[in-house]
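Engineer: Can you read through this structure? Questions will come right after.
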Amino acid sequence: MSTDQRDSGRPLALVTGASAGIGYQLALLFARNGYDLVATGRSDSIDRAAADFEQHGAHVVPVRADLSERDGVQVVWQAVQDTGRPLEAAVLNAGRSIGGAFLDTDLDDELDLLALNITSVVALAKPVARHMADHGNGKILITSSLSATLPTPYETVYGPSRAFTYMFAEALRQEMKDRAPGVTVTALLLPGATDSNSTPAPAWATPPSAPAPRRTAASRSPPRATAPSWPAETTSSAETCVRNSPP
Ligand SMILES: NC(=O)c1ccc[n+]([C@@H]2O[C@H](COP(=O)([O-])OP(=O)(O)OC[C@H]3O[C@@H](n4cnc5c(N)ncnc54)[C@H](OP(=O)(O)O)[C@@H]3O)[C@@H](O)[C@H]2O)c1
């Protein structure tokens with residue numbers, strides 16, 4: 001980030017998993033609401049997403065890192081530190097799901113999911129929370145899921161991973177009230193099934209007159225700039241969170 005970007009006067013937000021799906025939409029909201037961004041993804045599609053966010057006036061540092069690896073978390077946090085700016089908001093969103101019967105699914109794949117959906121959230125929340133506590137303010141948004149609230153057969157590892165992030169966020173929220181009252185922690189609990197790269201549109205979200213075309217890898221990229229089939233409560237929760245963090 002160049003010197004003029006350091007002096008942009010805009011607040012800085014970190015969004016993980018910003019190259020697609022929910023994270024992409026959240027990063028867009030931050031850009032539209034006057035934030036600069038450190039935006040992360042695993043693939044080079046984060047560069048294309050960063051160009052989209054910059055269309056809204058944001059200075060963006062795109063970071064490509066595999067957050068299921070501890071080194072990837074370090075790369076992301078180093079990118080935030082390299083800006084030399086206080087982090088006003090952090091969205092810990094990168095995550096993935098695995099469907100199928102537990103008897104059939106691959107253990108290594110599931111352990112990889114846990115590394116991303118749980119371990120990376122804790123590993124990144126640590127420096128983020130300490131940084132914000134030191135500065136006396138900040139907002140942390142952790143993407144959970146409606147799947148956190150009930151058993152999820154055939155997503156037997158995914159659902160509990162989101163339950164962890166929900167309870168982790170709620171616990172951290174209480175601690176911050178005691179130790180750093182200017183830092184808020186919010187769990188984004190209400191994403192139900194949301195049309196994204198990892199999750200096809202649910203049948204109830206598809207108008208009968210416009211059947212969804214079969215989705216291919218090519219049709220899932222680039223990420224869409226709008227998400228008309230999102231459940232309304234998902235969009236409004238996210239917008240409320242962003243708008244609660246004015247520059
Ligand atoms: N979609 C739903 O129905 C739904 C519902 C409730 C909650 N959620 C939660 O919302 C979050 C986002 O899901 P989504 O559906 O928006 O997913 P998505 O469209 O597949 O996007 C996932 C994002 O995470 C990044 N990512 C994936 N694996 C990664 C890794 N190992 N290291 C770093 N980044 C990685 C992807 O980067 P690349 O594109 O570069 O691979 C992408 O930016 C997840 O935590 C999920 O649990 C989703």
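As shown in the structure tokens, the chain order sets the letters A, B, ...; within each chain, residues go from 1, and ligands are also counted from 1 in the order they appear.
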Residues at most 8 Å from ligand 1, using only C-alpha atoms and all ligand atoms? Could they come as a CSV table (one decimal) with all heavy atoms, in the first residue's frame?
Structural biologist:
```csv
chain,number,residue,atom,x,y,z
A,16,THR,N,-11.9,-11.9,4.8
A,16,THR,CA,-11.3,-13.2,4.3
A,16,THR,C,-12.4,-13.9,3.4
A,16,THR,O,-13.6,-13.7,3.7
A,16,THR,CB,-10.8,-14.1,5.4
A,16,THR,OG1,-12.0,-14.6,6.1
A,16,THR,CG2,-9.9,-13.4,6.3
A,17,GLY,N,-11.9,-14.6,2.4
A,17,GLY,CA,-12.9,-15.2,1.5
A,17,GLY,C,-13.6,-14.2,0.7
A,17,GLY,O,-14.8,-14.3,0.4
A,18,ALA,N,-12.9,-13.1,0.3
A,18,ALA,CA,-13.6,-12.0,-0.4
A,18,ALA,C,-13.7,-12.2,-1.9
A,18,ALA,O,-14.2,-11.3,-2.6
A,18,ALA,CB,-12.8,-10.7,-0.1
A,19,SER,N,-13.1,-13.3,-2.4
A,19,SER,CA,-13.1,-13.4,-3.9
A,19,SER,C,-14.4,-14.0,-4.4
A,19,SER,O,-14.6,-14.0,-5.6
A,19,SER,CB,-12.0,-14.4,-4.3
A,19,SER,OG,-12.1,-15.6,-3.6
A,20,ALA,N,-15.3,-14.5,-3.5
A,20,ALA,CA,-16.5,-15.1,-4.0
A,20,ALA,C,-17.6,-15.1,-2.9
A,20,ALA,O,-17.3,-14.8,-1.8
A,20,ALA,CB,-16.3,-16.6,-4.4
A,21,GLY,N,-18.8,-15.3,-3.4
A,21,GLY,CA,-19.9,-15.6,-2.4
A,21,GLY,C,-20.2,-14.5,-1.4
A,21,GLY,O,-20.2,-13.3,-1.7
A,22,ILE,N,-20.4,-14.9,-0.2
A,22,ILE,CA,-20.8,-14.0,0.9
A,22,ILE,C,-19.7,-13.0,1.2
A,22,ILE,O,-20.0,-11.8,1.3
A,22,ILE,CB,-21.2,-14.8,2.1
A,22,ILE,CG1,-22.5,-15.7,1.9
A,22,ILE,CG2,-21.4,-13.9,3.3
A,22,ILE,CD1,-22.8,-16.7,2.9
A,23,GLY,N,-18.5,-13.5,1.2
A,23,GLY,CA,-17.4,-12.6,1.5
A,23,GLY,C,-17.2,-11.5,0.4
A,23,GLY,O,-16.9,-10.4,0.7
A,24,TYR,N,-17.4,-11.9,-0.9
A,24,TYR,CA,-17.4,-10.9,-1.9
A,24,TYR,C,-18.4,-9.8,-1.7
A,24,TYR,O,-18.1,-8.6,-1.9
A,24,TYR,CB,-17.6,-11.6,-3.3
A,24,TYR,CG,-17.6,-10.7,-4.5
A,24,TYR,CD1,-16.5,-10.4,-5.1
A,24,TYR,CD2,-18.8,-10.2,-5.0
A,24,TYR,CE1,-16.5,-9.6,-6.3
A,24,TYR,CE2,-18.9,-9.4,-6.1
A,24,TYR,CZ,-17.7,-9.1,-6.7
A,24,TYR,OH,-17.7,-8.2,-7.8
A,40,THR,N,-8.9,-11.1,1.0
A,40,THR,CA,-8.2,-12.3,0.8
A,40,THR,C,-9.0,-13.4,0.1
A,40,THR,O,-10.2,-13.4,0.2
A,40,THR,CB,-7.7,-12.9,2.1
A,40,THR,OG1,-8.7,-13.8,2.7
A,40,THR,CG2,-7.3,-11.9,3.1
A,41,GLY,N,-8.3,-14.2,-0.7
A,41,GLY,CA,-8.9,-15.4,-1.3
A,41,GLY,C,-7.8,-16.5,-1.4
A,41,GLY,O,-6.6,-16.2,-1.2
A,42,ARG,N,-8.2,-17.7,-1.8
A,42,ARG,CA,-7.2,-18.7,-2.0
A,42,ARG,C,-6.6,-18.7,-3.4
A,42,ARG,O,-5.4,-19.0,-3.6
A,42,ARG,CB,-7.8,-20.1,-1.7
A,42,ARG,CG,-6.8,-21.2,-1.8
A,42,ARG,CD,-7.6,-22.5,-1.5
A,42,ARG,NE,-8.8,-22.6,-2.2
A,42,ARG,CZ,-9.7,-23.6,-2.1
A,42,ARG,NH1,-9.5,-24.6,-1.4
A,42,ARG,NH2,-10.8,-23.5,-2.8
A,43,SER,N,-7.4,-18.3,-4.4
A,43,SER,CA,-7.0,-18.4,-5.8
A,43,SER,C,-6.8,-17.0,-6.3
A,43,SER,O,-7.0,-16.0,-5.6
A,43,SER,CB,-8.1,-19.1,-6.6
A,43,SER,OG,-9.2,-18.2,-6.6
A,44,ASP,N,-6.3,-16.9,-7.5
A,44,ASP,CA,-6.0,-15.6,-8.1
A,44,ASP,C,-7.3,-14.8,-8.5
A,44,ASP,O,-7.2,-13.7,-8.9
A,44,ASP,CB,-5.1,-15.6,-9.3
A,44,ASP,CG,-5.6,-16.5,-10.4
A,44,ASP,OD1,-6.7,-16.9,-10.3
A,44,ASP,OD2,-4.8,-16.8,-11.3
A,45,SER,N,-8.5,-15.4,-8.2
A,45,SER,CA,-9.7,-14.7,-8.5
A,45,SER,C,-9.8,-13.5,-7.5
A,45,SER,O,-10.6,-12.6,-7.7
A,45,SER,CB,-10.9,-15.6,-8.4
A,45,SER,OG,-11.0,-16.2,-7.2
A,46,ILE,N,-9.0,-13.5,-6.5
A,46,ILE,CA,-9.1,-12.3,-5.6
A,46,ILE,C,-8.6,-11.0,-6.3
A,46,ILE,O,-9.1,-9.9,-5.9
A,46,ILE,CB,-8.2,-12.6,-4.3
A,46,ILE,CG1,-8.5,-11.5,-3.2
A,46,ILE,CG2,-6.7,-12.7,-4.6
A,46,ILE,CD1,-9.9,-11.4,-2.8
A,64,ARG,N,-3.5,-13.4,-1.6
A,64,ARG,CA,-3.8,-14.8,-1.9
A,64,ARG,C,-3.1,-15.7,-0.9
A,64,ARG,O,-1.9,-15.7,-0.8
A,64,ARG,CB,-3.2,-15.1,-3.3
A,64,ARG,CG,-3.6,-16.4,-3.9
A,64,ARG,CD,-3.2,-16.6,-5.3
A,64,ARG,NE,-3.3,-17.9,-5.7
A,64,ARG,CZ,-2.9,-18.5,-6.8
A,64,ARG,NH1,-2.2,-17.7,-7.6
A,64,ARG,NH2,-3.0,-19.7,-7.0
A,65,ALA,N,-3.9,-16.4,-0.2
A,65,ALA,CA,-3.3,-17.3,0.9
A,65,ALA,C,-4.2,-18.4,1.2
A,65,ALA,O,-5.5,-18.2,1.2
A,65,ALA,CB,-3.0,-16.4,2.2
A,66,ASP,N,-3.7,-19.6,1.5
A,66,ASP,CA,-4.4,-20.7,1.9
A,66,ASP,C,-4.6,-20.7,3.4
A,66,ASP,O,-3.6,-21.0,4.2
A,66,ASP,CB,-3.8,-22.0,1.5
A,66,ASP,CG,-4.6,-23.2,1.8
A,66,ASP,OD1,-5.6,-23.1,2.5
A,66,ASP,OD2,-4.3,-24.3,1.3
A,67,LEU,N,-5.8,-20.4,3.9
A,67,LEU,CA,-6.0,-20.2,5.3
A,67,LEU,C,-6.1,-21.5,6.1
A,67,LEU,O,-6.1,-21.5,7.3
A,67,LEU,CB,-7.2,-19.3,5.6
A,67,LEU,CG,-7.0,-17.8,5.3
A,67,LEU,CD1,-8.3,-17.1,5.3
A,67,LEU,CD2,-6.0,-17.2,6.2
A,68,SER,N,-6.1,-22.6,5.4
A,68,SER,CA,-6.1,-23.9,6.1
A,68,SER,C,-4.7,-24.2,6.5
A,68,SER,O,-4.5,-25.2,7.3
A,68,SER,CB,-6.7,-25.0,5.2
A,68,SER,OG,-5.9,-25.2,4.1
A,69,GLU,N,-3.7,-23.4,6.1
A,69,GLU,CA,-2.3,-23.5,6.6
A,69,GLU,C,-2.0,-22.4,7.5
A,69,GLU,O,-2.4,-21.3,7.3
A,69,GLU,CB,-1.4,-23.4,5.4
A,69,GLU,CG,-1.7,-24.4,4.2
A,69,GLU,CD,-1.1,-25.8,4.5
A,69,GLU,OE1,-0.2,-25.9,5.4
A,69,GLU,OE2,-1.5,-26.7,3.8
A,72,GLY,N,-0.5,-19.4,5.9
A,72,GLY,CA,-1.5,-18.6,5.2
A,72,GLY,C,-2.1,-17.5,6.1
A,72,GLY,O,-2.3,-16.4,5.7
A,92,LEU,N,-14.2,-12.4,9.4
A,92,LEU,CA,-13.6,-13.7,9.3
A,92,LEU,C,-14.6,-14.7,8.7
A,92,LEU,O,-15.5,-15.2,9.3
A,92,LEU,CB,-13.1,-14.2,10.6
A,92,LEU,CG,-12.2,-13.2,11.4
A,92,LEU,CD1,-11.7,-13.8,12.7
A,92,LEU,CD2,-11.1,-12.6,10.6
A,93,ASN,N,-14.5,-14.8,7.4
A,93,ASN,CA,-15.6,-15.4,6.6
A,93,ASN,C,-15.2,-16.6,5.8
A,93,ASN,O,-16.0,-17.5,5.5
A,93,ASN,CB,-16.1,-14.3,5.6
A,93,ASN,CG,-16.9,-14.9,4.5
A,93,ASN,OD1,-18.1,-15.2,4.7
A,93,ASN,ND2,-16.3,-15.1,3.3
A,94,ALA,N,-13.9,-16.7,5.4
A,94,ALA,CA,-13.5,-17.8,4.5
A,94,ALA,C,-13.9,-19.2,5.1
A,94,ALA,O,-13.6,-19.4,6.3
A,94,ALA,CB,-12.0,-17.8,4.3
A,95,GLY,N,-14.5,-20.0,4.3
A,95,GLY,CA,-14.9,-21.3,4.8
A,95,GLY,C,-15.4,-22.1,3.7
A,95,GLY,O,-15.6,-21.7,2.6
A,96,ARG,N,-15.7,-23.4,4.0
A,96,ARG,CA,-16.2,-24.3,2.9
A,96,ARG,C,-17.0,-25.4,3.6
A,96,ARG,O,-17.0,-25.6,4.8
A,96,ARG,CB,-15.0,-24.9,2.2
A,96,ARG,CG,-14.0,-25.7,3.1
A,96,ARG,CD,-12.9,-26.3,2.3
A,96,ARG,NE,-13.3,-27.4,1.5
A,96,ARG,CZ,-12.8,-28.7,1.7
A,96,ARG,NH1,-11.9,-28.9,2.5
A,96,ARG,NH2,-13.3,-29.7,1.0
A,97,SER,N,-17.7,-26.1,2.8
A,97,SER,CA,-18.6,-27.2,3.3
A,97,SER,C,-18.2,-28.5,2.6
A,97,SER,O,-17.6,-28.5,1.5
A,97,SER,CB,-20.1,-26.8,3.1
A,97,SER,OG,-20.3,-26.8,1.7
A,112,ASP,N,-9.1,-30.9,6.7
A,112,ASP,CA,-8.8,-29.7,6.0
A,112,ASP,C,-9.9,-28.7,6.2
A,112,ASP,O,-9.6,-27.5,6.4
A,112,ASP,CB,-8.6,-30.0,4.5
A,112,ASP,CG,-8.1,-28.8,3.8
A,112,ASP,OD1,-7.0,-28.4,4.0
A,112,ASP,OD2,-8.8,-28.3,2.9
A,113,LEU,N,-11.1,-29.1,6.2
A,113,LEU,CA,-12.3,-28.2,6.4
A,113,LEU,C,-12.2,-27.6,7.8
A,113,LEU,O,-12.3,-26.4,8.1
A,113,LEU,CB,-13.6,-29.0,6.3
A,113,LEU,CG,-14.9,-28.2,6.5
A,113,LEU,CD1,-16.0,-28.7,5.7
A,113,LEU,CD2,-15.3,-28.2,8.0
A,116,LEU,N,-9.6,-24.9,8.1
A,116,LEU,CA,-10.1,-23.6,7.6
A,116,LEU,C,-11.2,-23.0,8.4
A,116,LEU,O,-11.2,-21.9,8.8
A,116,LEU,CB,-10.6,-23.8,6.1
A,116,LEU,CG,-11.2,-22.6,5.4
A,116,LEU,CD1,-10.1,-21.5,5.3
A,116,LEU,CD2,-11.8,-23.0,4.1
A,117,ASN,N,-12.3,-23.8,8.7
A,117,ASN,CA,-13.5,-23.3,9.3
A,117,ASN,C,-13.3,-23.0,10.8
A,117,ASN,O,-14.1,-22.1,11.3
A,117,ASN,CB,-14.6,-24.2,9.1
A,117,ASN,CG,-15.1,-24.3,7.7
A,117,ASN,OD1,-14.5,-23.8,6.7
A,117,ASN,ND2,-16.3,-24.9,7.4
A,143,THR,N,-18.4,-15.1,10.2
A,143,THR,CA,-19.5,-15.8,9.5
A,143,THR,C,-19.8,-17.2,10.1
A,143,THR,O,-18.9,-18.0,10.2
A,143,THR,CB,-19.2,-16.0,8.0
A,143,THR,OG1,-18.8,-14.7,7.4
A,143,THR,CG2,-20.4,-16.6,7.2
A,144,SER,N,-21.0,-17.4,10.6
A,144,SER,CA,-21.4,-18.7,11.1
A,144,SER,C,-22.4,-19.2,10.0
A,144,SER,O,-22.2,-19.0,8.8
A,144,SER,CB,-21.9,-18.6,12.5
A,144,SER,OG,-22.4,-19.8,12.9
A,145,SER,N,-23.5,-19.8,10.5
A,145,SER,CA,-24.5,-20.3,9.6
A,145,SER,C,-25.7,-20.8,10.4
A,145,SER,O,-25.6,-21.1,11.6
A,145,SER,CB,-23.9,-21.5,8.9
A,145,SER,OG,-24.9,-22.2,8.2
A,146,LEU,N,-26.8,-20.8,9.7
A,146,LEU,CA,-28.0,-21.4,10.3
A,146,LEU,C,-27.7,-22.9,10.7
A,146,LEU,O,-28.3,-23.4,11.7
A,146,LEU,CB,-29.1,-21.3,9.3
A,146,LEU,CG,-30.6,-21.3,9.9
A,146,LEU,CD1,-30.7,-20.2,10.9
A,146,LEU,CD2,-31.5,-21.1,8.7
A,147,SER,N,-26.7,-23.5,10.0
A,147,SER,CA,-26.4,-24.9,10.4
A,147,SER,C,-25.8,-25.0,11.7
A,147,SER,O,-25.6,-26.1,12.2
A,147,SER,CB,-25.3,-25.4,9.3
A,147,SER,OG,-25.8,-25.4,8.1
A,158,TYR,N,-19.4,-30.2,8.7
A,158,TYR,CA,-19.6,-28.8,8.4
A,158,TYR,C,-20.4,-28.1,9.4
A,158,TYR,O,-20.0,-27.0,10.0
A,158,TYR,CB,-20.2,-28.6,7.0
A,158,TYR,CG,-20.6,-27.2,6.8
A,158,TYR,CD1,-19.6,-26.2,6.5
A,158,TYR,CD2,-21.9,-26.8,6.8
A,158,TYR,CE1,-20.0,-24.9,6.3
A,158,TYR,CE2,-22.3,-25.5,6.6
A,158,TYR,CZ,-21.3,-24.5,6.4
A,158,TYR,OH,-21.7,-23.2,6.2
A,162,ARG,N,-19.5,-24.7,12.1
A,162,ARG,CA,-20.2,-23.4,12.1
A,162,ARG,C,-20.7,-23.2,13.5
A,162,ARG,O,-20.8,-22.0,14.0
A,162,ARG,CB,-21.3,-23.3,11.1
A,162,ARG,CG,-20.9,-23.4,9.6
A,162,ARG,CD,-19.9,-22.4,9.1
A,162,ARG,NE,-18.6,-22.4,9.8
A,162,ARG,CZ,-17.5,-21.7,9.4
A,162,ARG,NH1,-17.7,-20.9,8.4
A,162,ARG,NH2,-16.4,-21.8,10.0
A,189,LEU,N,-25.1,-15.2,11.8
A,189,LEU,CA,-25.7,-16.5,12.1
A,189,LEU,C,-26.7,-16.9,11.0
A,189,LEU,O,-27.0,-18.0,10.8
A,189,LEU,CB,-26.3,-16.5,13.5
A,189,LEU,CG,-27.0,-17.8,13.9
A,189,LEU,CD1,-26.0,-18.9,14.0
A,189,LEU,CD2,-27.7,-17.6,15.2
A,190,LEU,N,-27.3,-15.8,10.4
A,190,LEU,CA,-28.4,-16.1,9.6
A,190,LEU,C,-28.2,-16.6,8.1
A,190,LEU,O,-29.2,-16.9,7.5
A,190,LEU,CB,-29.4,-14.9,9.6
A,190,LEU,CG,-30.4,-14.9,10.7
A,190,LEU,CD1,-31.3,-13.7,10.6
A,190,LEU,CD2,-31.2,-16.2,10.6
A,191,PRO,N,-27.0,-16.6,7.6
A,191,PRO,CA,-27.0,-17.2,6.3
A,191,PRO,C,-27.6,-18.6,6.4
A,191,PRO,O,-27.0,-19.5,7.0
A,191,PRO,CB,-25.5,-17.2,5.9
A,191,PRO,CG,-24.8,-16.3,6.8
A,191,PRO,CD,-25.6,-16.2,8.1
A,192,GLY,N,-28.7,-18.7,5.8
A,192,GLY,CA,-29.2,-20.1,5.5
A,192,GLY,C,-28.6,-20.5,4.2
A,192,GLY,O,-27.6,-19.9,3.8
A,193,ALA,N,-29.2,-21.4,3.5
A,193,ALA,CA,-28.6,-21.8,2.2
A,193,ALA,C,-28.5,-20.6,1.3
A,193,ALA,O,-29.5,-19.9,1.0
A,193,ALA,CB,-29.5,-22.9,1.5
A,194,THR,N,-27.3,-20.2,0.9
A,194,THR,CA,-27.1,-19.0,0.1
A,194,THR,C,-26.4,-19.4,-1.2
A,194,THR,O,-25.3,-20.0,-1.2
A,194,THR,CB,-26.2,-18.0,0.9
A,194,THR,OG1,-26.8,-17.8,2.2
A,194,THR,CG2,-26.0,-16.7,0.2
A,195,ASP,N,-26.9,-18.9,-2.3
A,195,ASP,CA,-26.4,-19.2,-3.6
A,195,ASP,C,-24.9,-18.7,-3.7
A,195,ASP,O,-24.8,-17.4,-3.7
A,195,ASP,CB,-27.3,-18.6,-4.7
A,195,ASP,CG,-26.8,-19.1,-6.1
A,195,ASP,OD1,-26.0,-20.0,-6.2
A,195,ASP,OD2,-27.3,-18.5,-7.0
A,196,SER,N,-23.9,-19.5,-3.8
A,196,SER,CA,-22.6,-19.1,-3.8
A,196,SER,C,-21.8,-20.1,-4.6
A,196,SER,O,-22.3,-21.1,-5.1
A,196,SER,CB,-22.0,-18.9,-2.4
A,196,SER,OG,-21.8,-20.2,-1.8
A,197,ASN,N,-20.4,-19.9,-4.7
A,197,ASN,CA,-19.6,-20.9,-5.4
A,197,ASN,C,-19.7,-22.2,-4.8
A,197,ASN,O,-19.7,-23.2,-5.5
A,197,ASN,CB,-18.1,-20.4,-5.3
A,197,ASN,CG,-17.8,-19.5,-6.5
A,197,ASN,OD1,-18.7,-19.1,-7.2
A,197,ASN,ND2,-16.6,-19.1,-6.6
A,198,SER,N,-19.8,-22.3,-3.4
A,198,SER,CA,-19.8,-23.6,-2.8
A,198,SER,C,-21.1,-24.2,-2.6
A,198,SER,O,-21.3,-25.4,-2.3
A,198,SER,CB,-19.1,-23.5,-1.4
A,198,SER,OG,-19.8,-22.6,-0.6
A,199,THR,N,-22.2,-23.4,-2.7
A,199,THR,CA,-23.5,-23.9,-2.5
A,199,THR,C,-24.5,-23.4,-3.6
A,199,THR,O,-24.7,-22.2,-3.8
A,199,THR,CB,-24.1,-23.3,-1.1
A,199,THR,OG1,-23.1,-23.6,-0.1
A,199,THR,CG2,-25.4,-23.9,-0.7
A,200,PRO,N,-25.0,-24.3,-4.4
A,200,PRO,CA,-26.0,-23.9,-5.4
A,200,PRO,C,-27.2,-23.3,-4.8
A,200,PRO,O,-27.5,-23.5,-3.6
A,200,PRO,CB,-26.3,-25.2,-6.1
A,200,PRO,CG,-25.4,-26.3,-5.5
A,200,PRO,CD,-24.9,-25.7,-4.3
A,223,PRO,N,-17.2,-14.1,-9.7
A,223,PRO,CA,-18.3,-14.0,-8.8
A,223,PRO,C,-19.3,-12.9,-9.3
A,223,PRO,O,-18.9,-12.0,-9.9
A,223,PRO,CB,-17.6,-13.6,-7.5
A,223,PRO,CG,-16.3,-13.0,-7.9
A,223,PRO,CD,-15.9,-13.7,-9.1
```
Engineer: When DSSP works through the backbone of this structure, what residues of range 78-187 of chain A end up as alpha helix (DSSP H), shown as an MDAnalysis selection string?
Structural biologist: chainID A and resid 78:82 107:114 120:135 158:179
Engineer: Could the residues in this selection be saved with C-alpha atoms as a CSV table (one decimal), in the first residue's frame?
Structural biologist:
```csv
chain,number,residue,atom,x,y,z
A,78,GLN,CA,1.3,-9.5,7.8
A,79,ALA,CA,-0.5,-7.8,5.0
A,80,VAL,CA,-2.7,-6.0,7.5
A,81,GLN,CA,0.3,-4.9,9.5
A,82,ASP,CA,2.1,-3.8,6.3
A,107,LEU,CA,-11.2,-37.9,6.5
A,108,ASP,CA,-8.3,-35.7,5.1
A,109,ASP,CA,-10.8,-33.5,3.4
A,110,GLU,CA,-12.8,-33.1,6.6
A,111,LEU,CA,-9.6,-32.3,8.6
A,112,ASP,CA,-8.8,-29.7,6.0
A,113,LEU,CA,-12.3,-28.2,6.4
A,114,LEU,CA,-11.8,-28.0,10.2
A,120,SER,CA,-7.9,-20.3,10.9
A,121,VAL,CA,-10.7,-18.3,12.5
A,122,VAL,CA,-9.1,-18.7,16.0
A,123,ALA,CA,-5.6,-18.1,14.6
A,124,LEU,CA,-6.7,-14.9,12.9
A,125,ALA,CA,-9.0,-13.7,15.6
A,126,LYS,CA,-6.1,-13.6,18.1
A,127,PRO,CA,-4.0,-10.9,16.5
A,128,VAL,CA,-7.1,-9.1,15.2
A,129,ALA,CA,-8.7,-8.9,18.7
A,130,ARG,CA,-5.4,-7.9,20.4
A,131,HIS,CA,-4.8,-5.2,17.8
A,132,MET,CA,-8.3,-3.8,18.2
A,133,ALA,CA,-8.1,-4.0,22.0
A,134,ASP,CA,-4.8,-2.0,21.8
A,135,HIS,CA,-6.5,0.6,19.7
A,158,TYR,CA,-19.6,-28.8,8.4
A,159,GLY,CA,-22.5,-27.9,10.7
A,160,PRO,CA,-20.6,-28.4,13.9
A,161,SER,CA,-17.7,-26.3,12.5
A,162,ARG,CA,-20.2,-23.4,12.1
A,163,ALA,CA,-21.5,-24.1,15.6
A,164,PHE,CA,-18.0,-23.6,16.9
A,165,THR,CA,-17.6,-20.2,15.2
A,166,TYR,CA,-21.0,-19.1,16.5
A,167,MET,CA,-20.2,-20.0,20.1
A,168,PHE,CA,-16.6,-18.7,19.7
A,169,ALA,CA,-17.9,-15.3,18.5
A,170,GLU,CA,-20.5,-15.2,21.3
A,171,ALA,CA,-17.8,-15.9,24.0
A,172,LEU,CA,-15.3,-13.5,22.5
A,173,ARG,CA,-18.1,-10.9,22.4
A,174,GLN,CA,-18.6,-11.2,26.2
A,175,GLU,CA,-14.9,-11.0,26.9
A,176,MET,CA,-14.5,-7.9,24.9
A,177,LYS,CA,-17.3,-6.2,26.7
A,178,ASP,CA,-15.2,-6.7,29.9
A,179,ARG,CA,-11.7,-6.0,28.5
```
Engineer: Report the distance between CA of Gln74 in chain A and CA of Gly9 in chain A in Å, rounded to one decimal place.
Structural biologist: 26.0 Å
Engineer: What's around range 25-31 of chain A at 6 Å? Count only C-alpha atoms, leave out sequence neighbours fewer than 5 positions away in its own chain, and write the answer as a list of chain:residue names.
Structural biologist: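 Those residues are A:Phe53, A:His56, A:Ala58.
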Engineer: Just how far from CA of Pro181 in chain A is CA of Arg32 in chain A, in Å to one decimal?
Structural biologist: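 It comes out at 26.8 Å.
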